[in-house]
Each structure stands twice: as C-alpha cells, then as structure tokens.
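Engineer: This is upload14.tsv, which holds TSV, C-alpha atoms:
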```tsv
chain	number	residue	atom	x	y	z
A	991	MET	CA	52.54	99.45	137.88
A	992	ILE	CA	50.46	97.55	135.38
A	993	ALA	CA	52.59	99.04	132.63
A	994	ALA	CA	55.88	97.89	134.15
A	995	PHE	CA	54.45	94.45	134.82
A	996	ALA	CA	53.16	94.14	131.25
A	997	LEU	CA	56.52	95.33	129.89
A	998	VAL	CA	58.31	92.61	131.84
A	999	LEU	CA	55.68	90.12	130.68
A	1000	GLY	CA	56.29	91.08	127.06
A	1001	ILE	CA	60.05	90.73	127.49
A	1002	VAL	CA	59.65	87.33	129.15
A	1003	ALA	CA	57.26	86.22	126.41
A	1004	GLY	CA	59.81	87.21	123.81
A	1005	LEU	CA	62.60	85.41	125.64
A	1006	VAL	CA	60.56	82.26	126.15
A	1007	LEU	CA	58.96	82.06	122.71
A	1008	ARG	CA	62.08	83.21	120.81
A	1009	PRO	CA	60.14	83.66	117.61
A	1010	THR	CA	62.13	83.49	114.41
A	1011	VAL	CA	61.79	86.71	112.51
A	1012	PRO	CA	60.64	86.03	108.95
A	1013	THR	CA	62.94	87.43	106.32
A	1014	TRP	CA	60.37	89.83	104.95
A	1015	VAL	CA	59.87	91.39	108.39
A	1016	GLU	CA	63.58	91.96	108.97
A	1017	PRO	CA	63.85	95.40	107.29
A	1018	TYR	CA	60.99	96.69	109.43
A	1019	LEU	CA	62.38	95.51	112.75
A	1020	PRO	CA	64.55	98.59	113.39
A	1021	ILE	CA	61.59	100.80	112.48
A	1022	ALA	CA	59.37	98.90	114.89
A	1023	VAL	CA	61.98	99.28	117.62
A	1024	VAL	CA	62.24	103.03	117.16
A	1025	ALA	CA	58.45	103.35	117.02
A	1026	ALA	CA	58.15	101.30	120.21
A	1027	LEU	CA	60.67	103.50	121.99
A	1028	ASP	CA	58.82	106.57	120.75
A	1029	ALA	CA	55.54	105.19	122.09
A	1030	VAL	CA	57.12	104.46	125.48
A	1031	PHE	CA	58.69	107.88	125.86
A	1032	GLY	CA	55.56	109.60	124.59
A	1033	GLY	CA	53.42	107.64	127.03
A	1034	VAL	CA	55.65	108.39	130.00
A	1035	ARG	CA	55.76	112.05	129.10
A	1036	ALA	CA	51.96	112.22	128.72
A	1037	ARG	CA	51.61	110.48	132.06
A	1038	LEU	CA	53.83	113.09	133.70
A	1039	ASP	CA	51.90	115.84	131.93
A	1040	GLY	CA	48.74	114.31	133.32
A	1041	ILE	CA	47.13	113.77	129.95
A	1042	PHE	CA	47.88	110.09	129.44
A	1043	ASP	CA	45.30	108.21	127.50
A	1044	SER	CA	45.47	104.46	127.07
A	1045	LYS	CA	43.69	104.45	123.73
A	1046	VAL	CA	46.02	107.07	122.26
A	1047	PHE	CA	49.01	105.13	123.58
A	1048	VAL	CA	48.09	101.82	121.96
A	1049	VAL	CA	46.68	103.26	118.76
A	1050	SER	CA	49.60	105.65	118.24
A	1051	PHE	CA	52.11	102.88	118.80
A	1052	ILE	CA	50.49	100.45	116.41
A	1053	SER	CA	49.75	103.07	113.78
A	1054	ASN	CA	53.30	104.44	114.01
A	1055	VAL	CA	54.72	100.99	113.41
A	1056	VAL	CA	52.33	100.32	110.56
A	1057	VAL	CA	52.82	103.69	108.88
A	1058	ALA	CA	56.59	103.57	109.29
A	1059	ALA	CA	56.68	100.04	107.88
A	1060	LEU	CA	54.45	101.13	105.02
A	1061	ILE	CA	56.71	104.06	104.19
A	1062	VAL	CA	59.77	101.83	104.21
A	1063	PHE	CA	57.94	99.20	102.19
A	1064	LEU	CA	56.98	101.76	99.57
A	1065	GLY	CA	60.52	103.09	99.59
A	1066	ASP	CA	61.87	99.59	99.05
A	1067	LYS	CA	59.61	99.17	96.06
A	1068	LEU	CA	60.69	102.53	94.65
A	1069	GLY	CA	64.39	102.10	95.40
A	1070	VAL	CA	64.68	104.64	98.21
A	1071	GLY	CA	64.04	102.24	101.09
A	1072	SER	CA	67.18	102.97	103.06
A	1073	GLN	CA	66.73	106.73	102.72
A	1074	LEU	CA	63.14	106.57	103.88
A	1075	SER	CA	63.99	104.32	106.78
A	1076	THR	CA	66.63	106.87	107.76
A	1077	ALA	CA	63.94	109.56	107.54
A	1078	VAL	CA	61.62	107.55	109.79
A	1079	VAL	CA	64.39	106.96	112.31
A	1080	VAL	CA	65.34	110.66	112.29
A	1081	VAL	CA	61.77	111.86	112.82
A	1082	LEU	CA	61.00	109.36	115.56
A	1083	GLY	CA	64.44	109.91	117.05
A	1084	ILE	CA	63.82	113.66	117.33
A	1085	ARG	CA	60.51	112.91	119.04
A	1086	ILE	CA	62.20	110.52	121.44
A	1087	PHE	CA	64.77	113.14	122.32
A	1088	GLY	CA	62.14	115.83	122.80
A	1089	ASN	CA	60.02	113.62	125.01
A	1090	ALA	CA	63.04	112.47	126.98
A	1091	ALA	CA	63.91	116.12	127.58
A	1092	ALA	CA	60.36	116.80	128.77
A	1093	ILE	CA	60.51	113.79	131.09
A	1094	ARG	CA	63.82	115.03	132.43
A	1095	ARG	CA	62.27	118.44	133.14
A	1096	HIS	CA	59.42	116.76	134.99
A	1097	VAL	CA	61.60	114.46	137.02
A	1098	PHE	CA	64.55	116.66	137.86
A	1099	ARG	CA	62.88	120.05	137.41
A	1100	ALA	CA	65.89	121.06	135.38
B	476	MET	CA	55.62	128.09	119.61
B	477	THR	CA	56.25	131.80	119.63
B	478	ALA	CA	55.77	132.68	116.00
B	479	SER	CA	53.32	130.82	113.84
B	480	PRO	CA	54.46	130.20	110.30
B	481	PRO	CA	52.81	132.18	107.52
B	482	GLN	CA	49.68	130.46	106.37
B	483	GLY	CA	49.07	129.16	102.93
B	484	ARG	CA	52.71	128.70	102.16
B	485	PHE	CA	54.71	125.57	102.65
B	486	ASN	CA	57.46	126.26	105.07
B	487	SER	CA	59.83	123.36	105.47
B	488	SER	CA	61.81	124.83	108.34
B	489	ALA	CA	58.56	125.38	110.22
B	490	LEU	CA	57.91	121.69	109.79
B	491	LEU	CA	61.20	120.88	111.47
B	492	VAL	CA	60.66	123.44	114.22
B	493	ASP	CA	57.22	121.96	114.85
B	494	LEU	CA	58.76	118.50	115.00
B	495	VAL	CA	61.33	119.58	117.55
B	496	MET	CA	59.02	121.75	119.63
B	497	ASN	CA	56.08	119.35	119.83
B	498	PRO	CA	57.49	115.90	120.21
B	499	LEU	CA	54.40	114.63	122.01
B	500	ASP	CA	51.73	112.99	119.94
B	501	PRO	CA	48.95	115.60	119.57
B	502	GLY	CA	46.49	112.80	120.22
B	503	TYR	CA	47.19	112.97	123.93
B	504	ALA	CA	46.19	116.63	124.17
B	505	ALA	CA	43.11	116.05	122.06
B	506	ALA	CA	42.04	113.08	124.17
B	507	ALA	CA	42.61	115.08	127.33
B	508	ALA	CA	40.45	117.90	125.99
B	509	ARG	CA	37.72	115.45	125.10
B	510	ARG	CA	37.91	113.79	128.47
B	511	ALA	CA	37.72	117.08	130.34
B	512	THR	CA	33.96	116.95	129.91
B	513	ASN	CA	33.50	113.51	131.44
B	514	PRO	CA	36.44	112.52	133.58
B	515	GLY	CA	36.69	109.00	134.89
B	516	ARG	CA	38.29	105.77	133.99
B	517	ARG	CA	37.03	103.66	131.17
B	518	TRP	CA	36.92	99.88	131.34
B	519	TYR	CA	39.62	99.38	128.74
B	520	ASP	CA	42.24	101.68	130.26
B	521	ALA	CA	44.23	99.09	132.20
B	522	PRO	CA	44.06	96.29	129.60
B	523	ALA	CA	45.03	98.68	126.82
B	524	VAL	CA	48.06	99.96	128.70
B	525	ALA	CA	49.05	96.41	129.59
B	526	PHE	CA	48.65	95.30	125.99
B	527	GLY	CA	50.65	98.24	124.66
B	528	CYS	CA	53.47	97.76	127.14
B	529	ALA	CA	53.62	94.02	126.53
B	530	LEU	CA	53.80	94.69	122.81
B	531	VAL	CA	56.62	97.19	123.31
B	532	GLY	CA	58.60	94.78	125.46
B	533	PHE	CA	58.00	91.99	122.97
B	534	VAL	CA	59.19	94.05	120.02
B	535	LEU	CA	62.29	95.25	121.84
B	536	VAL	CA	63.31	91.80	122.98
B	537	ILE	CA	62.69	90.29	119.55
B	538	ALA	CA	64.91	92.91	117.99
B	539	TYR	CA	67.57	92.26	120.61
B	540	ILE	CA	67.46	88.49	120.12
B	541	HIS	CA	67.41	88.84	116.37
B	542	THR	CA	70.44	91.11	116.32
B	543	HIS	CA	72.42	88.91	118.63
B	544	ARG	CA	71.41	85.73	116.94
B	545	SER	CA	72.69	86.80	113.55
B	546	ALA	CA	75.95	88.22	114.91
B	547	PRO	CA	77.36	84.87	116.11
B	548	ALA	CA	76.33	83.35	112.78
B	549	ALA	CA	78.65	85.74	110.94
B	550	ALA	CA	81.41	85.01	113.43
B	551	LYS	CA	80.81	81.30	112.94
B	552	VAL	CA	81.20	81.60	109.19
B	553	HIS	CA	84.40	83.56	109.67
B	554	ASP	CA	85.76	81.00	112.13
B	555	SER	CA	84.94	78.10	109.85
B	556	LEU	CA	86.68	79.83	106.95
B	557	VAL	CA	89.75	80.46	109.09
B	558	ALA	CA	89.72	76.84	110.22
B	559	ARG	CA	89.48	75.64	106.63
B	560	VAL	CA	92.38	77.85	105.57
B	561	HIS	CA	94.47	76.56	108.45
B	562	ALA	CA	93.55	72.97	107.66
B	563	SER	CA	94.56	73.47	104.05
B	564	GLN	CA	97.83	75.04	105.14
B	565	ASP	CA	98.51	72.09	107.43
B	566	GLN	CA	97.75	69.69	104.63
B	567	ASP	CA	100.02	71.64	102.31
B	568	ARG	CA	102.80	71.48	104.86
B	569	ALA	CA	102.35	67.76	105.39
B	570	LEU	CA	102.36	67.11	101.66
B	571	SER	CA	105.48	69.15	101.07
B	572	LYS	CA	107.18	67.30	103.89
B	573	GLN	CA	106.24	64.05	102.20
B	574	VAL	CA	107.60	65.36	98.92
B	575	GLN	CA	110.87	66.23	100.58
B	576	GLN	CA	111.12	62.78	102.11
B	577	LEU	CA	110.44	61.12	98.80
B	578	THR	CA	112.94	63.39	97.08
B	579	GLY	CA	115.51	62.37	99.64
B	580	GLN	CA	114.79	58.72	98.98
B	581	LEU	CA	114.99	59.30	95.28
B	582	GLN	CA	118.32	60.96	95.67
B	583	LYS	CA	119.67	58.10	97.74
B	584	VAL	CA	118.52	55.57	95.19
B	585	ARG	CA	119.95	57.63	92.38
B	586	THR	CA	123.31	57.98	94.09
B	587	GLN	CA	123.43	54.21	94.49
B	588	ALA	CA	122.44	53.64	90.90
B	589	LEU	CA	124.89	56.06	89.36
B	590	PRO	CA	128.53	55.11	89.12
B	591	GLY	CA	129.95	56.41	92.41
B	592	SER	CA	133.28	57.71	91.25
B	593	GLY	CA	132.19	59.60	88.15
B	594	GLY	CA	131.73	63.31	87.77
B	595	LEU	CA	128.09	62.61	86.96
B	596	VAL	CA	127.01	62.54	90.61
B	597	ARG	CA	128.87	65.72	91.40
B	598	GLN	CA	127.40	67.41	88.35
B	599	LEU	CA	123.92	66.31	89.32
B	600	ASN	CA	124.33	67.51	92.90
B	601	ALA	CA	125.61	70.90	91.79
B	602	ASP	CA	122.72	71.27	89.37
B	603	GLN	CA	120.20	70.31	92.01
B	604	VAL	CA	121.60	72.83	94.46
B	605	ALA	CA	121.45	75.49	91.78
B	606	ALA	CA	117.89	74.52	90.98
B	607	GLY	CA	117.00	74.66	94.66
B	608	GLN	CA	115.87	71.07	94.64
B	609	THR	CA	117.93	69.96	97.60
B	610	ALA	CA	118.22	71.38	101.05
B	611	VAL	CA	121.59	73.00	101.61
B	612	THR	CA	123.61	74.12	104.59
B	613	GLY	CA	126.50	76.47	104.63
B	614	PRO	CA	127.81	79.83	105.71
B	615	GLY	CA	126.21	82.95	104.42
B	616	LEU	CA	124.48	86.22	105.04
B	617	THR	CA	121.13	86.89	106.68
B	618	VAL	CA	119.30	90.09	105.73
B	619	THR	CA	116.26	91.18	107.70
B	620	LEU	CA	113.66	93.71	106.63
B	621	SER	CA	110.85	94.62	109.00
B	622	GLU	CA	107.98	97.05	109.14
B	623	PRO	CA	108.27	100.11	111.35
B	624	PRO	CA	106.79	99.45	114.79
B	625	LYS	CA	103.18	100.58	114.94
B	626	ALA	CA	101.79	102.21	118.00
B	627	THR	CA	98.35	100.65	117.67
B	628	ALA	CA	99.01	97.28	116.20
B	629	SER	CA	99.31	94.44	118.63
B	630	PRO	CA	102.08	92.02	117.85
B	631	ALA	CA	100.65	89.52	115.45
B	632	GLY	CA	100.88	86.13	117.00
B	633	GLY	CA	100.05	82.79	115.56
B	634	ARG	CA	101.22	81.00	112.53
B	635	GLY	CA	103.82	82.26	110.14
B	636	GLY	CA	102.49	83.24	106.80
B	637	SER	CA	98.91	83.34	107.98
B	638	VAL	CA	99.06	86.63	109.84
B	639	PRO	CA	96.68	89.16	108.37
B	640	ILE	CA	98.65	91.98	106.87
B	641	SER	CA	97.47	95.48	107.48
B	642	ALA	CA	96.80	97.89	104.66
B	643	THR	CA	99.56	100.24	105.70
B	644	ASN	CA	102.56	98.14	104.87
B	645	ILE	CA	105.58	100.02	103.66
B	646	LEU	CA	107.55	97.01	102.50
B	647	THR	CA	106.42	95.39	99.29
B	648	ASP	CA	107.52	92.64	96.99
B	649	ARG	CA	109.86	95.11	95.30
B	650	ASP	CA	111.92	95.45	98.47
B	651	VAL	CA	112.25	91.72	98.93
B	652	ARG	CA	113.04	91.29	95.28
B	653	SER	CA	115.73	93.95	95.19
B	654	VAL	CA	117.49	92.43	98.20
B	655	VAL	CA	117.26	88.96	96.66
B	656	ASN	CA	118.59	90.17	93.33
B	657	GLU	CA	121.42	92.00	95.03
B	658	LEU	CA	122.35	88.84	96.93
B	659	TRP	CA	122.34	86.81	93.71
B	660	ALA	CA	124.56	89.44	92.15
B	661	ASP	CA	126.87	89.31	95.15
B	662	GLY	CA	127.48	85.65	94.58
B	663	ALA	CA	124.91	83.83	96.69
B	664	GLU	CA	124.52	80.18	95.80
B	665	ALA	CA	121.16	79.57	97.42
B	666	ILE	CA	118.59	81.94	98.87
B	667	ALA	CA	115.52	81.44	101.03
B	668	VAL	CA	112.96	84.08	102.00
B	669	ASN	CA	111.21	83.43	105.33
B	670	GLY	CA	112.13	79.78	105.00
B	671	LEU	CA	110.94	79.45	101.40
B	672	ARG	CA	113.78	78.39	99.15
B	673	LEU	CA	114.02	80.22	95.86
B	674	SER	CA	114.42	78.21	92.71
B	675	PRO	CA	115.25	79.54	89.22
B	676	THR	CA	111.54	79.77	88.47
B	677	SER	CA	110.56	81.39	91.78
B	678	ALA	CA	108.52	84.53	91.61
B	679	ILE	CA	108.31	87.19	94.30
B	680	ARG	CA	105.09	89.02	93.75
B	681	PHE	CA	102.48	91.15	95.36
B	682	ALA	CA	98.79	90.34	95.73
B	683	GLY	CA	96.66	92.80	97.63
B	684	ASP	CA	98.78	93.55	100.65
B	685	ALA	CA	100.56	90.24	100.80
B	686	VAL	CA	103.99	89.45	99.48
B	687	LEU	CA	103.93	86.13	97.69
B	688	VAL	CA	106.92	83.90	97.22
B	689	ASP	CA	106.01	81.11	94.83
B	690	TYR	CA	102.34	81.92	95.52
B	691	GLN	CA	102.76	81.48	99.25
B	692	ALA	CA	101.99	84.54	101.31
B	693	ILE	CA	104.70	85.68	103.68
B	694	SER	CA	104.48	88.49	106.16
B	695	PRO	CA	107.04	90.85	107.64
B	696	PRO	CA	109.60	90.72	109.10
B	697	PHE	CA	111.25	89.35	105.99
B	698	ARG	CA	114.28	87.20	106.63
B	699	ILE	CA	116.37	86.61	103.56
B	700	GLU	CA	119.06	83.98	103.97
B	701	ALA	CA	121.74	83.56	101.37
B	702	VAL	CA	124.31	80.80	101.37
B	703	GLY	CA	127.65	81.72	99.91
B	704	LYS	CA	131.06	82.94	100.89
B	705	ALA	CA	130.01	84.94	103.92
B	706	ASP	CA	132.77	87.54	103.86
B	707	ASP	CA	132.41	88.35	100.19
B	708	LEU	CA	128.62	88.42	100.45
B	709	ALA	CA	128.72	90.79	103.40
B	710	THR	CA	131.28	93.09	101.83
B	711	SER	CA	129.57	93.31	98.46
B	712	PHE	CA	126.13	93.65	99.98
B	713	ALA	CA	127.24	96.39	102.37
B	714	ALA	CA	128.72	98.31	99.47
B	715	SER	CA	125.65	97.92	97.27
B	716	ASP	CA	123.08	100.56	96.39
B	717	VAL	CA	120.35	98.38	97.82
B	718	ALA	CA	121.92	98.30	101.25
B	719	SER	CA	122.53	102.03	101.31
B	720	ARG	CA	118.96	102.68	100.20
B	721	TYR	CA	117.52	100.68	103.05
B	722	GLN	CA	119.96	102.23	105.49
B	723	THR	CA	118.47	105.56	104.47
B	724	LEU	CA	114.93	104.23	104.86
B	725	VAL	CA	115.72	103.11	108.39
B	726	GLY	CA	116.14	106.75	109.29
B	727	ALA	CA	113.35	108.08	107.09
B	728	ASP	CA	110.54	105.57	107.56
B	729	GLY	CA	111.63	103.67	110.62
B	730	ILE	CA	111.76	100.30	108.94
B	731	GLY	CA	113.99	97.64	110.38
B	732	PHE	CA	116.95	96.65	108.24
B	733	GLY	CA	120.01	94.68	109.08
B	734	PHE	CA	122.35	92.00	107.80
B	735	ALA	CA	124.70	89.67	109.54
B	736	GLU	CA	127.05	86.91	108.58
B	737	SER	CA	126.07	83.46	109.70
B	738	LYS	CA	128.38	80.51	110.19
B	739	LEU	CA	125.78	77.95	109.32
B	740	LEU	CA	122.50	78.44	107.50
B	741	HIS	CA	120.03	75.66	106.75
B	742	LEU	CA	117.96	76.26	103.66
B	743	PRO	CA	115.17	73.83	102.81
B	744	ALA	CA	114.55	72.48	99.36
B	745	SER	CA	112.07	74.37	97.26
B	746	ALA	CA	108.81	72.81	96.24
B	747	PRO	CA	109.47	70.71	93.14
B	748	ARG	CA	108.13	72.29	90.02
B	749	GLU	CA	106.70	70.47	87.12
B	750	LEU	CA	108.04	71.72	83.84
B	751	ARG	CA	105.20	71.65	81.45
B	752	TYR	CA	106.69	73.10	78.28
B	753	ALA	CA	110.46	72.84	78.64
B	754	LYS	CA	111.83	69.62	77.23
```
Rewrite the structure from the file as structure tokens, please.
Structural biologist:
Amino acid sequence: MIAAFALVLGIVAGLVLRPTVPTWVEPYLPIAVVAALDAVFGGVRARLDGIFDSKVFVVSFISNVVVAALIVFLGDKLGVGSQLSTAVVVVLGIRIFGNAAAIRRHVFRA
Amino acid sequence: MTASPPQGRFNSSALLVDLVMNPLDPGYAAAAARRATNPGRRWYDAPAVAFGCALVGFVLVIAYIHTHRSAPAAAKVHDSLVARVHASQDQDRALSKQVQQLTGQLQKVRTQALPGSGGLVRQLNADQVAAGQTAVTGPGLTVTLSEPPKATASPAGGRGGSVPISATNILTDRDVRSVVNELWADGAEAIAVNGLRLSPTSAIRFAGDAVLVDYQAISPPFRIEAVGKADDLATSFAASDVASRYQTLVGADGIGFGFAESKLLHLPASAPRELRYAK
C-alpha cells in the first residue's frame, strides 16, 4: 500500500518537476531504469516469498544503480562502454525475467 | 541447484546457471535468516520502502520523459530541413519563372529591333529552339518509363521531384539517357524529361539513388517528351534496339514502358546557361 502510494508519488514528482537530465548522466539512464525494474521485481518476489526486507530493497537498488553506472563509466573510459552496458542490461534482464517467473508462480500457481 | 560446481576452478557456465537459477538478491535470504532470531518491524521499514519506491518511480518517469523529449527534437530538425528544402525549391521555381518571363521580354524586344523581313530572325529562332532556350509546342512522341509496382510502397504523394526515392530502384540515369539518345537519333527536335527541357549542355546523371537532369532530381515515372515529326519518331523508335530492350524488361522486371504519339506537346524552355569558357 505504502509502496504503491510512494511509487505514484515518485512518478508525479517526476512529471511535475520535469528535471532536465544533465548530459553526463544520459548514458547511465538506461542502466538506472533496468536497475530500478530489477529492484521492483526483486522486491515483489521477496514479498511474495515472505522474506522482504526494506533495508535490502533500498540498499540493493541504490548499490545496483551505482555499481552499474560505475561499470559503464569505467567501460566508457576504456573504450568498451557500450559492451559493458549491454552486459549490465543482460545480467539485470535475466534477473528480472527470473523474478517475474517466480512472481508468476506465486500469483497463478503455474 | 542440483549439482554444485567443482570447487577451486572457475566455471563460467556455472556462473550463468547461478544467475538464471537465483535471480533474487541473496541479501533478502540473508536478512530473513538474521531476522528469524528477532522478528518484528523496525522503525525504518515503512519509510525505507516508501523512499525506494518513490525513487524507482522517479527514475522510470525521468527516463520516459527524457526519451520522449529528445524524440520530437529529432523530428523537429527533420521537419525544418524538409521545410527549408521545399522553400528553396519554391524559390528556385519562382526565379526560373522570372527568368522565363524576362527571356520572353528580351525576345520580343529583339524581334522588334532586328529587321523583320530578314533571315536573321528565323535563323535566331531556329538556333534558340535547338539550344532549348525557348519554349516550343508541336507534335511528337511521349515515352514513359516507370518502376515496377511495389507491394509495400505506398504511392508517393506530394511534390514532383521531391519524392524520396527508395534504394531499390531498377531504372537509372542510363535508361533515361538511352531513351533520350534514341529519340535524338530518331529526329527529335526538342526533348524534355519530366518537364525539364534538355539543352545541348544538359547532363542526365545519377547521384545516390536519384536521377538528375541538369542537377535537378527527378523521380519515376519518367516521362520523356520529344517534339518532332510524330509518325517518323514513333516508327523509328518502335524499331529501335532501345524500345525492344525495354519491351523485354516489361516482361522480365515488370517495369512500365510505353510510347504514344501526341498531337500537341508543350515543352518549356531550359534554364539559361552561362557559358564561361566558350567565346
């Protein structure tokens, strides 16, 4: 309940504030999006498993974003930025799929 | 996991299997194990969840806005370029119309100035027709060449000459040129391609996918109008190699090809050319 409300609040805040994304943040935006989706699916799945923990949720989300951004940043400096950002998206994407499958099993028992 | 990978050895496939089998952050399990000893809610549970969810929503909506804000910008640039091209084309058209008007005036003045009865005027007129400097009317032959109908392509509407040409065109400058050359050889006195009059210095060329006549892009269907003795033109053209080649291509490639005599063709004057070296 709180989670859904806060999610809507965040969306509204984004729509109202409409912050301009600085140019140097732009390459990390897709990474942040995938990390955010991963955090959401992981959180929902943990909730359904009955092992949800608020601290793990927030810390894992923020650290995922930071680590992913760091990897891409390093990659950019070393000339393999796009490959590494693909790697990050693949890894987080696999996790999203796995968690979505687990959620599906919980919800539909199938 | 059913089988644990052998220890002490890096196993990359095990890494992938682990990734697929355990998508959940191990932190949740660890936290649950820790909490098993002292269950109960902590004070920061609700605020932390709220903060995390708000952050997630914020990030997602920023990404959405950012993506959709930059997309119209690209479209705007494209639109402005198209508008500029169209404006330049309009200007070009207006200027060439002005040139034609002025040429007409010039001709009138010249006719008045020259002695009316002499062969000079006739000579001048004949030369100007040959040079494509005056608009002419007369009987002749119209040859059309068109691309085979495409199943996917929508009919290109809009302005002549400005239609984007797809990369799969069969007809090239060579086709237009061979028809034009054949018509010259058959005795045409004046020729226009898609309304562009050919002069002795006209070039029919190819740039990218576009056929250029005097550096102006034209797009299929190509309509080649030749003024001359219609019967002779039609007979010679029908008997020519060029005509028989395109008749064959109609069957083979599905291009459109046809020619018909016309009682009256109106060919515009070509754009006047400045001779820079010839004296």
Engineer: Give me the box for stretch 649-656 of chain B as JSON, namely the centre and edge lengths in Å to one decimal of a box along x, y and z that holds every listed atom plus 8 Å on each side.
Structural biologist:
```
{"center_x": 114.2, "center_y": 92.2, "center_z": 96.1, "size_x": 24.7, "size_y": 22.5, "size_z": 21.6}
```
Engineer: Residues of chain A near chain B: apply a cut-off of 6 Å, count all atoms listed in the file, and supply the list as a list in words.
Structural biologist: Ala993, Ala996, Leu997, Gly1000, Ile1001, Gly1004, Val1023, Ala1026, Gly1032, Ile1041, Ser1044, Val1048, Arg1085, Gly1088 and Asn1089 of chain A
Engineer: Atoms to include: C-alpha atoms. Write the selected residues as a compact mmCIF listing (two decimals), in the coordinates of the input.
Structural biologist:
```txt
# COMPACT_ATOMS: atom_id res chain seq x y z
CA ALA A 993 52.59 99.04 132.63
CA ALA A 996 53.16 94.14 131.25
CA LEU A 997 56.52 95.33 129.89
CA GLY A 1000 56.29 91.08 127.06
CA ILE A 1001 60.05 90.73 127.49
CA GLY A 1004 59.81 87.21 123.81
CA VAL A 1023 61.98 99.28 117.62
CA ALA A 1026 58.15 101.30 120.21
CA GLY A 1032 55.56 109.60 124.59
CA ILE A 1041 47.13 113.77 129.95
CA SER A 1044 45.47 104.46 127.07
CA VAL A 1048 48.09 101.82 121.96
CA ARG A 1085 60.51 112.91 119.04
CA GLY A 1088 62.14 115.83 122.80
CA ASN A 1089 60.02 113.62 125.01
```
Engineer: Fewer than 2 positions away in the same chain doesn't count, so skip those; otherwise give me all residues within 10 Å of stretch 613-625 of chain B, counting only C-alpha atoms, as JSON, numbers by chain.
Structural biologist: {"B": [611, 627, 628, 629, 630, 643, 644, 645, 646, 650, 651, 654, 655, 658, 663, 664, 665, 666, 667, 668, 669, 694, 695, 696, 697, 698, 699, 700, 701, 702, 703, 704, 705, 706, 707, 708, 709, 712, 718, 721, 725, 728, 729, 730, 731, 732, 733, 734, 735, 736, 737, 738, 739, 740, 741, 742]}
Engineer: How many Å separate atom CA of A:Leu1007 from atom CA of A:Asp1028?
Structural biologist: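 Computed distance, atom CA of A:Leu1007 to atom CA of A:Asp1028, equals 24.6 Å.
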Engineer: Just checking: using all atoms listed in the file, which residue out of A:Leu1019, A:Leu1064, A:Leu1027, A:Leu999 ends up closest to A:Ile1086?
Structural biologist: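 Smallest separation from A:Ile1086 among the options: A:Leu1027.
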Engineer: Fix up stretch 722-743 of chain B with N, CA and C atoms, then write it as a PDB file, keeping the file's coordinate frame.
Structural biologist:
```pdb
ATOM      1  N   GLN B 722     119.404 101.513 104.339  1.00  0.00           N
ATOM      2  CA  GLN B 722     119.960 102.230 105.490  1.00  0.00           C
ATOM      3  C   GLN B 722     119.319 103.605 105.609  1.00  0.00           C
ATOM      4  N   THR B 723     119.104 104.250 104.451  1.00  0.00           N
ATOM      5  CA  THR B 723     118.470 105.560 104.470  1.00  0.00           C
ATOM      6  C   THR B 723     117.026 105.446 104.954  1.00  0.00           C
ATOM      7  N   LEU B 724     116.337 104.391 104.482  1.00  0.00           N
ATOM      8  CA  LEU B 724     114.930 104.230 104.860  1.00  0.00           C
ATOM      9  C   LEU B 724     114.772 103.944 106.345  1.00  0.00           C
ATOM     10  N   VAL B 725     115.787 103.355 106.945  1.00  0.00           N
ATOM     11  CA  VAL B 725     115.720 103.110 108.390  1.00  0.00           C
ATOM     12  C   VAL B 725     115.526 104.428 109.111  1.00  0.00           C
ATOM     13  N   GLY B 726     116.289 105.440 108.657  1.00  0.00           N
ATOM     14  CA  GLY B 726     116.140 106.750 109.290  1.00  0.00           C
ATOM     15  C   GLY B 726     114.862 107.438 108.891  1.00  0.00           C
ATOM     16  N   ALA B 727     114.484 107.302 107.603  1.00  0.00           N
ATOM     17  CA  ALA B 727     113.350 108.080 107.090  1.00  0.00           C
ATOM     18  C   ALA B 727     112.012 107.485 107.503  1.00  0.00           C
ATOM     19  N   ASP B 728     111.845 106.189 107.327  1.00  0.00           N
ATOM     20  CA  ASP B 728     110.540 105.570 107.560  1.00  0.00           C
ATOM     21  C   ASP B 728     110.488 104.725 108.824  1.00  0.00           C
ATOM     22  N   GLY B 729     111.630 104.469 109.406  1.00  0.00           N
ATOM     23  CA  GLY B 729     111.630 103.670 110.620  1.00  0.00           C
ATOM     24  C   GLY B 729     111.519 102.181 110.400  1.00  0.00           C
ATOM     25  N   ILE B 730     111.801 101.739 109.165  1.00  0.00           N
ATOM     26  CA  ILE B 730     111.760 100.300 108.940  1.00  0.00           C
ATOM     27  C   ILE B 730     112.974  99.650 109.616  1.00  0.00           C
ATOM     28  N   GLY B 731     112.861  98.351 109.814  1.00  0.00           N
ATOM     29  CA  GLY B 731     113.990  97.640 110.380  1.00  0.00           C
ATOM     30  C   GLY B 731     114.798  97.018 109.251  1.00  0.00           C
ATOM     31  N   PHE B 732     116.109  97.210 109.300  1.00  0.00           N
ATOM     32  CA  PHE B 732     116.950  96.650 108.240  1.00  0.00           C
ATOM     33  C   PHE B 732     118.281  96.264 108.864  1.00  0.00           C
ATOM     34  N   GLY B 733     118.721  95.079 108.551  1.00  0.00           N
ATOM     35  CA  GLY B 733     120.010  94.680 109.080  1.00  0.00           C
ATOM     36  C   GLY B 733     120.506  93.459 108.346  1.00  0.00           C
ATOM     37  N   PHE B 734     121.831  93.219 108.384  1.00  0.00           N
ATOM     38  CA  PHE B 734     122.350  92.000 107.800  1.00  0.00           C
ATOM     39  C   PHE B 734     123.533  91.529 108.633  1.00  0.00           C
ATOM     40  N   ALA B 735     123.647  90.227 108.705  1.00  0.00           N
ATOM     41  CA  ALA B 735     124.700  89.670 109.540  1.00  0.00           C
ATOM     42  C   ALA B 735     125.204  88.394 108.901  1.00  0.00           C
ATOM     43  N   GLU B 736     126.483  88.160 109.064  1.00  0.00           N
ATOM     44  CA  GLU B 736     127.050  86.910 108.580  1.00  0.00           C
ATOM     45  C   GLU B 736     126.638  85.771 109.492  1.00  0.00           C
ATOM     46  N   SER B 737     126.397  84.635 108.897  1.00  0.00           N
ATOM     47  CA  SER B 737     126.070  83.460 109.700  1.00  0.00           C
ATOM     48  C   SER B 737     127.056  82.360 109.368  1.00  0.00           C
ATOM     49  N   LYS B 738     127.429  81.612 110.409  1.00  0.00           N
ATOM     50  CA  LYS B 738     128.380  80.510 110.190  1.00  0.00           C
ATOM     51  C   LYS B 738     127.703  79.358 109.465  1.00  0.00           C
ATOM     52  N   LEU B 739     126.457  79.121 109.868  1.00  0.00           N
ATOM     53  CA  LEU B 739     125.780  77.950 109.320  1.00  0.00           C
ATOM     54  C   LEU B 739     124.305  78.279 109.077  1.00  0.00           C
ATOM     55  N   LEU B 740     123.911  78.221 107.844  1.00  0.00           N
ATOM     56  CA  LEU B 740     122.500  78.440 107.500  1.00  0.00           C
ATOM     57  C   LEU B 740     121.945  77.139 106.944  1.00  0.00           C
ATOM     58  N   HIS B 741     120.700  76.839 107.304  1.00  0.00           N
ATOM     59  CA  HIS B 741     120.030  75.660 106.750  1.00  0.00           C
ATOM     60  C   HIS B 741     118.922  76.140 105.847  1.00  0.00           C
ATOM     61  N   LEU B 742     119.023  75.883 104.586  1.00  0.00           N
ATOM     62  CA  LEU B 742     117.960  76.260 103.660  1.00  0.00           C
ATOM     63  C   LEU B 742     117.251  74.998 103.196  1.00  0.00           C
ATOM     64  N   PRO B 743     115.924  75.007 103.263  1.00  0.00           N
ATOM     65  CA  PRO B 743     115.170  73.830 102.810  1.00  0.00           C
ATOM     66  C   PRO B 743     115.159  73.746 101.297  1.00  0.00           C
TER      67      PRO B 743
END
```
